[in-house]
file final_29.tsv (TSV, N, CA and C atoms)
chain	number	residue	atom	x	y	z
A	549	MET	N	3.30	-11.18	-5.39
A	549	MET	CA	2.99	-11.71	-4.08
A	549	MET	C	4.04	-11.21	-3.10
A	550	LEU	N	3.60	-10.91	-1.90
A	550	LEU	CA	4.50	-10.48	-0.84
A	550	LEU	C	4.60	-11.61	0.17
A	551	ARG	N	5.82	-11.92	0.56
A	551	ARG	CA	6.05	-12.98	1.55
A	551	ARG	C	6.75	-12.37	2.76
A	552	HIS	N	6.23	-12.70	3.95
A	552	HIS	CA	6.82	-12.21	5.19
A	552	HIS	C	6.92	-13.38	6.17
A	553	GLY	N	8.11	-13.58	6.71
A	553	GLY	CA	8.31	-14.68	7.65
A	553	GLY	C	8.17	-14.24	9.09
A	554	PHE	N	7.32	-14.92	9.82
A	554	PHE	CA	7.19	-14.74	11.25
A	554	PHE	C	7.94	-15.88	11.93
A	555	THR	N	7.97	-15.89	13.24
A	555	THR	CA	8.69	-16.93	13.97
A	555	THR	C	8.17	-18.33	13.66
A	556	HIS	N	6.85	-18.49	13.63
A	556	HIS	CA	6.28	-19.83	13.50
A	556	HIS	C	5.54	-20.08	12.18
A	557	PHE	N	5.49	-19.09	11.30
A	557	PHE	CA	4.81	-19.30	10.02
A	557	PHE	C	5.23	-18.24	9.01
A	558	THR	N	4.92	-18.50	7.77
A	558	THR	CA	5.18	-17.56	6.68
A	558	THR	C	3.84	-17.04	6.17
A	559	LEU	N	3.75	-15.73	6.02
A	559	LEU	CA	2.54	-15.10	5.52
A	559	LEU	C	2.75	-14.74	4.06
A	560	ASP	N	1.88	-15.23	3.18
A	560	ASP	CA	1.88	-14.86	1.76
A	560	ASP	C	0.68	-13.97	1.51
A	561	ILE	N	0.94	-12.79	0.93
A	561	ILE	CA	-0.13	-11.84	0.65
A	561	ILE	C	-0.20	-11.61	-0.86
A	562	GLU	N	-1.36	-11.78	-1.43
A	562	GLU	CA	-1.60	-11.52	-2.84
A	562	GLU	C	-2.45	-10.25	-2.92
A	563	PRO	N	-1.82	-9.08	-3.12
A	563	PRO	CA	-2.59	-7.83	-3.12
A	563	PRO	C	-3.45	-7.66	-4.38
A	564	ILE	N	-4.57	-7.02	-4.19
A	564	ILE	CA	-5.45	-6.64	-5.29
A	564	ILE	C	-5.64	-5.13	-5.17
A	565	VAL	N	-5.26	-4.40	-6.21
A	565	VAL	CA	-5.32	-2.94	-6.18
A	565	VAL	C	-6.68	-2.47	-6.68
A	566	GLY	N	-7.25	-1.54	-5.95
A	566	GLY	CA	-8.50	-0.91	-6.34
A	566	GLY	C	-8.37	0.59	-6.17
A	567	ARG	N	-9.17	1.33	-6.86
A	567	ARG	CA	-9.15	2.79	-6.74
A	567	ARG	C	-10.44	3.25	-6.08
A	568	VAL	N	-10.30	4.19	-5.15
A	568	VAL	CA	-11.45	4.77	-4.46
A	568	VAL	C	-11.62	6.18	-5.01
A	569	LYS	N	-12.78	6.44	-5.63
A	569	LYS	CA	-13.03	7.77	-6.19
A	569	LYS	C	-13.40	8.76	-5.10
A	570	ARG	N	-14.16	8.30	-4.14
A	570	ARG	CA	-14.51	9.15	-3.01
A	570	ARG	C	-14.87	8.26	-1.83
A	571	VAL	N	-14.75	8.82	-0.65
A	571	VAL	CA	-15.07	8.08	0.56
A	571	VAL	C	-16.41	8.61	1.08
A	572	ALA	N	-17.38	7.75	1.14
A	572	ALA	CA	-18.69	8.14	1.65
A	572	ALA	C	-18.59	8.47	3.14
A	573	PRO	N	-19.38	9.45	3.61
A	573	PRO	CA	-19.32	9.80	5.04
A	573	PRO	C	-19.56	8.61	5.95
A	574	ARG	N	-20.36	7.65	5.51
A	574	ARG	CA	-20.64	6.47	6.34
A	574	ARG	C	-19.42	5.57	6.48
A	575	ALA	N	-18.41	5.72	5.59
A	575	ALA	CA	-17.23	4.86	5.64
A	575	ALA	C	-16.38	5.15	6.87
A	576	ALA	N	-16.51	6.35	7.42
A	576	ALA	CA	-15.72	6.72	8.59
A	576	ALA	C	-16.33	6.11	9.85
A	577	GLN	N	-15.47	5.55	10.67
A	577	GLN	CA	-15.89	4.97	11.94
A	577	GLN	C	-14.97	5.52	13.02
A	578	PRO	N	-15.43	5.55	14.27
A	578	PRO	CA	-14.54	6.00	15.34
A	578	PRO	C	-13.24	5.18	15.34
A	579	GLY	N	-12.12	5.84	15.39
A	579	GLY	CA	-10.83	5.16	15.43
A	579	GLY	C	-10.30	4.76	14.07
A	580	VAL	N	-11.02	5.08	12.98
A	580	VAL	CA	-10.59	4.75	11.62
A	580	VAL	C	-10.24	6.05	10.91
A	581	LEU	N	-9.11	6.05	10.22
A	581	LEU	CA	-8.65	7.26	9.55
A	581	LEU	C	-8.18	6.91	8.15
A	582	TRP	N	-8.70	7.60	7.14
A	582	TRP	CA	-8.26	7.43	5.76
A	582	TRP	C	-7.12	8.41	5.52
A	583	ILE	N	-5.94	7.90	5.12
A	583	ILE	CA	-4.79	8.78	4.88
A	583	ILE	C	-4.17	8.46	3.52
A	584	PRO	N	-3.48	9.45	2.94
A	584	PRO	CA	-2.81	9.20	1.66
A	584	PRO	C	-1.73	8.13	1.80
A	585	LEU	N	-1.43	7.47	0.70
A	585	LEU	CA	-0.43	6.39	0.68
A	585	LEU	C	0.90	6.84	1.27
A	586	GLU	N	1.35	8.03	0.89
A	586	GLU	CA	2.65	8.52	1.38
A	586	GLU	C	2.68	8.62	2.90
A	587	GLU	N	1.56	9.03	3.50
A	587	GLU	CA	1.48	9.12	4.96
A	587	GLU	C	1.36	7.73	5.59
A	588	ALA	N	0.66	6.85	4.92
A	588	ALA	CA	0.45	5.50	5.46
A	588	ALA	C	1.77	4.75	5.61
A	589	ILE	N	2.71	4.99	4.69
A	589	ILE	CA	4.01	4.32	4.75
A	589	ILE	C	4.74	4.65	6.05
A	590	GLY	N	4.58	5.88	6.54
A	590	GLY	CA	5.25	6.30	7.77
A	590	GLY	C	4.43	6.08	9.03
A	591	ALA	N	3.21	5.55	8.88
A	591	ALA	CA	2.34	5.34	10.04
A	591	ALA	C	2.76	4.10	10.82
A	592	ALA	N	2.22	3.97	12.00
A	592	ALA	CA	2.50	2.81	12.85
A	592	ALA	C	1.69	1.61	12.35
A	593	VAL	N	2.28	0.87	11.42
A	593	VAL	CA	1.62	-0.31	10.85
A	593	VAL	C	2.58	-1.50	10.96
A	594	PRO	N	2.06	-2.72	10.94
A	594	PRO	CA	2.93	-3.90	11.00
A	594	PRO	C	3.88	-3.97	9.79
A	595	VAL	N	5.01	-4.60	9.96
A	595	VAL	CA	6.03	-4.70	8.91
A	595	VAL	C	5.48	-5.24	7.59
A	596	PRO	N	4.67	-6.31	7.57
A	596	PRO	CA	4.16	-6.79	6.28
A	596	PRO	C	3.30	-5.73	5.57
A	597	VAL	N	2.55	-4.96	6.33
A	597	VAL	CA	1.72	-3.90	5.74
A	597	VAL	C	2.61	-2.80	5.17
A	598	ARG	N	3.67	-2.44	5.89
A	598	ARG	CA	4.59	-1.41	5.41
A	598	ARG	C	5.27	-1.88	4.10
A	599	LYS	N	5.66	-3.14	4.02
A	599	LYS	CA	6.26	-3.68	2.79
A	599	LYS	C	5.28	-3.54	1.63
A	600	LEU	N	4.03	-3.88	1.89
A	600	LEU	CA	2.99	-3.80	0.88
A	600	LEU	C	2.78	-2.35	0.43
A	601	LEU	N	2.72	-1.42	1.37
A	601	LEU	CA	2.54	-0.01	1.04
A	601	LEU	C	3.71	0.53	0.22
A	602	ARG	N	4.94	0.15	0.59
A	602	ARG	CA	6.12	0.61	-0.17
A	602	ARG	C	6.09	0.06	-1.60
A	603	ALA	N	5.72	-1.20	-1.76
A	603	ALA	CA	5.64	-1.79	-3.09
A	603	ALA	C	4.55	-1.10	-3.91
A	604	LEU	N	3.44	-0.79	-3.28
A	604	LEU	CA	2.35	-0.10	-3.96
A	604	LEU	C	2.79	1.29	-4.40
A	605	ALA	N	3.49	2.00	-3.53
A	605	ALA	CA	3.98	3.35	-3.87
A	605	ALA	C	4.98	3.29	-5.02
A	606	ALA	N	5.90	2.32	-5.00
A	606	ALA	CA	6.89	2.18	-6.07
A	606	ALA	C	6.20	1.86	-7.39
A	607	ASN	N	5.19	1.00	-7.35
A	607	ASN	CA	4.46	0.63	-8.55
A	607	ASN	C	3.69	1.83	-9.10
A	608	ALA	N	3.09	2.63	-8.21
A	608	ALA	CA	2.34	3.81	-8.64
A	608	ALA	C	3.29	4.82	-9.28
A	609	THR	N	4.48	4.99	-8.72
A	609	THR	CA	5.46	5.92	-9.28
A	609	THR	C	5.91	5.44	-10.65
A	610	ALA	N	6.18	4.16	-10.78
A	610	ALA	CA	6.62	3.62	-12.07
A	610	ALA	C	5.51	3.77	-13.11
A	611	SER	N	4.26	3.55	-12.71
A	611	SER	CA	3.14	3.68	-13.63
A	611	SER	C	2.98	5.12	-14.09
A	612	ARG	N	3.11	6.08	-13.16
A	612	ARG	CA	3.00	7.50	-13.53
A	612	ARG	C	4.11	7.89	-14.48
A	613	CYS	N	5.34	7.43	-14.21
A	613	CYS	CA	6.47	7.77	-15.07
A	613	CYS	C	6.27	7.21	-16.48
A	614	ALA	N	5.80	5.99	-16.56
A	614	ALA	CA	5.57	5.37	-17.87
A	614	ALA	C	4.45	6.10	-18.60
A	615	MET	N	3.43	6.53	-17.86
A	615	MET	CA	2.29	7.21	-18.46
A	615	MET	C	2.71	8.55	-19.07
A	616	PHE	N	3.61	9.26	-18.40
A	616	PHE	CA	4.01	10.58	-18.85
A	616	PHE	C	5.36	10.57	-19.57
A	617	GLY	N	5.90	9.40	-19.84
A	617	GLY	CA	7.15	9.29	-20.58
A	617	GLY	C	8.37	9.78	-19.81
A	618	GLU	N	8.31	9.77	-18.51
A	618	GLU	CA	9.43	10.23	-17.69
A	618	GLU	C	10.39	9.07	-17.42
A	619	ALA	N	11.63	9.40	-17.19
A	619	ALA	CA	12.61	8.37	-16.81
A	619	ALA	C	12.34	7.98	-15.37
A	620	PHE	N	12.43	6.71	-15.07
A	620	PHE	CA	12.19	6.22	-13.72
A	620	PHE	C	13.49	5.70	-13.16
A	621	ASP	N	13.90	6.24	-12.04
A	621	ASP	CA	15.13	5.83	-11.39
A	621	ASP	C	14.80	5.32	-10.00
A	622	GLU	N	15.03	4.04	-9.73
A	622	GLU	CA	14.77	3.47	-8.40
A	622	GLU	C	15.92	3.80	-7.48
A	623	ALA	N	15.85	4.95	-6.87
A	623	ALA	CA	16.91	5.36	-5.94
A	623	ALA	C	16.59	4.94	-4.54
call {"tool": "encode", "arguments": {"input": "final_29.tsv", "output": "structure tokens"}}
result
Amino acid sequence: MLRHGFTHFTLDIEPIVGRVKRVAPRAAQPGVLWIPLEEAIGAAVPVPVRKLLRALAANATASRCAMFGEAFDEA
């Protein structure tokens, strides 16, 4: 769970991870852009979303390292 404190309330987010195999052409809407996770982390998004994206990226890296038997160093 991710917790983020705002001035007047605390936001608790329980993420659910899903995989998208392909994006149907109908999924695109004006003003909507699908970008890779690495790019999304640097995009103009609210702080709680950036925290979530960073955690997702770290988890994906750890999963890949475990899958391929690589050493994982959280630098």
call {"tool": "atom_distance", "arguments": {"input": "final_29.tsv", "atom1": "atom CA of A:Ala588", "atom2": "atom CA of A:Asp560"}}
result
20.7 Å
call {"tool": "atom_distance", "arguments": {"input": "final_29.tsv", "atom1": "atom CA of A:Val597", "atom2": "atom CA of A:Glu562"}}
result
11.9 Å
call {"tool": "atom_distance", "arguments": {"input": "final_29.tsv", "atom1": "atom C of A:Leu601", "atom2": "atom CA of A:Glu587"}}
result
10.1 Å
call {"tool": "residues_near_point", "arguments": {"input": "final_29.tsv", "point": "(4.7, -5.7, -3.5)", "cutoff": "8 Å", "atoms": "only N, CA and C atoms", "output": "PDB file with N, CA and C atoms, in the frame of the given file"}}
result
ATOM      1  N   MET A 549       3.300 -11.180  -5.390  1.00  0.00           N
ATOM      2  CA  MET A 549       2.990 -11.710  -4.080  1.00  0.00           C
ATOM      3  C   MET A 549       4.040 -11.210  -3.100  1.00  0.00           C
ATOM      4  N   LEU A 550       3.600 -10.910  -1.900  1.00  0.00           N
ATOM      5  CA  LEU A 550       4.500 -10.480  -0.840  1.00  0.00           C
ATOM      6  C   LEU A 550       4.600 -11.610   0.170  1.00  0.00           C
ATOM      7  N   ARG A 551       5.820 -11.920   0.560  1.00  0.00           N
ATOM      8  CA  ARG A 551       6.050 -12.980   1.550  1.00  0.00           C
ATOM      9  C   ARG A 551       6.750 -12.370   2.760  1.00  0.00           C
ATOM     10  N   PRO A 563      -1.820  -9.080  -3.120  1.00  0.00           N
ATOM     11  CA  PRO A 563      -2.590  -7.830  -3.120  1.00  0.00           C
ATOM     12  C   PRO A 563      -3.450  -7.660  -4.380  1.00  0.00           C
ATOM     13  N   LYS A 599       5.660  -3.140   4.020  1.00  0.00           N
ATOM     14  CA  LYS A 599       6.260  -3.680   2.790  1.00  0.00           C
ATOM     15  C   LYS A 599       5.280  -3.540   1.630  1.00  0.00           C
ATOM     16  N   LEU A 600       4.030  -3.880   1.890  1.00  0.00           N
ATOM     17  CA  LEU A 600       2.990  -3.800   0.880  1.00  0.00           C
ATOM     18  C   LEU A 600       2.780  -2.350   0.430  1.00  0.00           C
ATOM     19  N   LEU A 601       2.720  -1.420   1.370  1.00  0.00           N
ATOM     20  CA  LEU A 601       2.540  -0.010   1.040  1.00  0.00           C
ATOM     21  C   LEU A 601       3.710   0.530   0.220  1.00  0.00           C
ATOM     22  N   ARG A 602       4.940   0.150   0.590  1.00  0.00           N
ATOM     23  CA  ARG A 602       6.120   0.610  -0.170  1.00  0.00           C
ATOM     24  C   ARG A 602       6.090   0.060  -1.600  1.00  0.00           C
ATOM     25  N   ALA A 603       5.720  -1.200  -1.760  1.00  0.00           N
ATOM     26  CA  ALA A 603       5.640  -1.790  -3.090  1.00  0.00           C
ATOM     27  C   ALA A 603       4.550  -1.100  -3.910  1.00  0.00           C
ATOM     28  N   LEU A 604       3.440  -0.790  -3.280  1.00  0.00           N
ATOM     29  CA  LEU A 604       2.350  -0.100  -3.960  1.00  0.00           C
ATOM     30  C   LEU A 604       2.790   1.290  -4.400  1.00  0.00           C
ATOM     31  N   ALA A 605       3.490   2.000  -3.530  1.00  0.00           N
ATOM     32  CA  ALA A 605       3.980   3.350  -3.870  1.00  0.00           C
ATOM     33  C   ALA A 605       4.980   3.290  -5.020  1.00  0.00           C
ATOM     34  N   ASN A 607       5.190   1.000  -7.350  1.00  0.00           N
ATOM     35  CA  ASN A 607       4.460   0.630  -8.550  1.00  0.00           C
ATOM     36  C   ASN A 607       3.690   1.830  -9.100  1.00  0.00           C
TER      37      ASN A 607
END
call {"tool": "build_atoms", "arguments": {"input": "final_29.tsv", "residues": "stretch 575-586 of chain A", "atoms": "all heavy atoms", "output": "compact mmCIF listing (two decimals), in the frame of the given file"}}
result
# COMPACT_ATOMS: atom_id res chain seq x y z
N ALA A 575 -18.41 5.72 5.59
CA ALA A 575 -17.23 4.86 5.64
C ALA A 575 -16.38 5.15 6.87
O ALA A 575 -15.62 4.30 7.31
CB ALA A 575 -16.40 5.02 4.38
N ALA A 576 -16.51 6.35 7.42
CA ALA A 576 -15.72 6.72 8.59
C ALA A 576 -16.33 6.11 9.85
O ALA A 576 -17.54 6.12 10.04
CB ALA A 576 -15.66 8.23 8.73
N GLN A 577 -15.47 5.55 10.67
CA GLN A 577 -15.89 4.97 11.94
C GLN A 577 -14.97 5.52 13.02
O GLN A 577 -13.84 5.91 12.73
CB GLN A 577 -15.77 3.45 11.90
CG GLN A 577 -16.63 2.78 10.88
CD GLN A 577 -16.34 1.27 10.85
OE1 GLN A 577 -15.69 0.72 11.72
NE2 GLN A 577 -16.84 0.61 9.82
N PRO A 578 -15.43 5.55 14.27
CA PRO A 578 -14.54 6.00 15.34
C PRO A 578 -13.24 5.18 15.34
O PRO A 578 -13.29 3.95 15.25
CB PRO A 578 -15.35 5.75 16.61
CG PRO A 578 -16.78 5.75 16.15
CD PRO A 578 -16.75 5.18 14.75
N GLY A 579 -12.12 5.84 15.39
CA GLY A 579 -10.83 5.16 15.43
C GLY A 579 -10.30 4.76 14.07
O GLY A 579 -9.23 4.18 13.96
N VAL A 580 -11.02 5.08 12.98
CA VAL A 580 -10.59 4.75 11.62
C VAL A 580 -10.24 6.05 10.91
O VAL A 580 -10.99 7.02 10.96
CB VAL A 580 -11.70 4.00 10.84
CG1 VAL A 580 -11.29 3.76 9.40
CG2 VAL A 580 -12.01 2.68 11.53
N LEU A 581 -9.11 6.05 10.22
CA LEU A 581 -8.65 7.26 9.55
C LEU A 581 -8.18 6.91 8.15
O LEU A 581 -7.39 5.99 7.97
CB LEU A 581 -7.47 7.86 10.35
CG LEU A 581 -6.80 9.09 9.80
CD1 LEU A 581 -7.77 10.27 9.81
CD2 LEU A 581 -5.58 9.43 10.64
N TRP A 582 -8.70 7.60 7.14
CA TRP A 582 -8.26 7.43 5.76
C TRP A 582 -7.12 8.41 5.52
O TRP A 582 -7.28 9.61 5.73
CB TRP A 582 -9.41 7.73 4.80
CG TRP A 582 -10.49 6.71 4.83
CD1 TRP A 582 -11.48 6.61 5.76
CD2 TRP A 582 -10.67 5.63 3.92
NE1 TRP A 582 -12.28 5.54 5.48
CE2 TRP A 582 -11.82 4.93 4.35
CE3 TRP A 582 -10.00 5.21 2.78
CZ2 TRP A 582 -12.29 3.81 3.67
CZ3 TRP A 582 -10.49 4.10 2.11
CH2 TRP A 582 -11.61 3.42 2.55
N ILE A 583 -5.94 7.90 5.12
CA ILE A 583 -4.79 8.78 4.88
C ILE A 583 -4.17 8.46 3.52
O ILE A 583 -4.30 7.35 3.03
CB ILE A 583 -3.73 8.66 6.01
CG1 ILE A 583 -3.25 7.22 6.15
CG2 ILE A 583 -4.27 9.18 7.32
CD1 ILE A 583 -2.14 7.04 7.17
N PRO A 584 -3.48 9.45 2.94
CA PRO A 584 -2.81 9.20 1.66
C PRO A 584 -1.73 8.13 1.80
O PRO A 584 -1.16 7.92 2.88
CB PRO A 584 -2.17 10.55 1.32
CG PRO A 584 -2.89 11.56 2.15
CD PRO A 584 -3.34 10.83 3.38
N LEU A 585 -1.43 7.47 0.70
CA LEU A 585 -0.43 6.39 0.68
C LEU A 585 0.90 6.84 1.27
O LEU A 585 1.51 6.13 2.05
CB LEU A 585 -0.24 5.89 -0.76
CG LEU A 585 0.81 4.81 -0.99
CD1 LEU A 585 0.50 3.57 -0.16
CD2 LEU A 585 0.90 4.47 -2.46
N GLU A 586 1.35 8.03 0.89
CA GLU A 586 2.65 8.52 1.38
C GLU A 586 2.68 8.62 2.90
O GLU A 586 3.69 8.36 3.52
CB GLU A 586 2.97 9.89 0.75
CG GLU A 586 3.13 9.85 -0.75
CD GLU A 586 1.79 9.80 -1.51
OE1 GLU A 586 0.73 10.16 -0.94
OE2 GLU A 586 1.81 9.37 -2.67
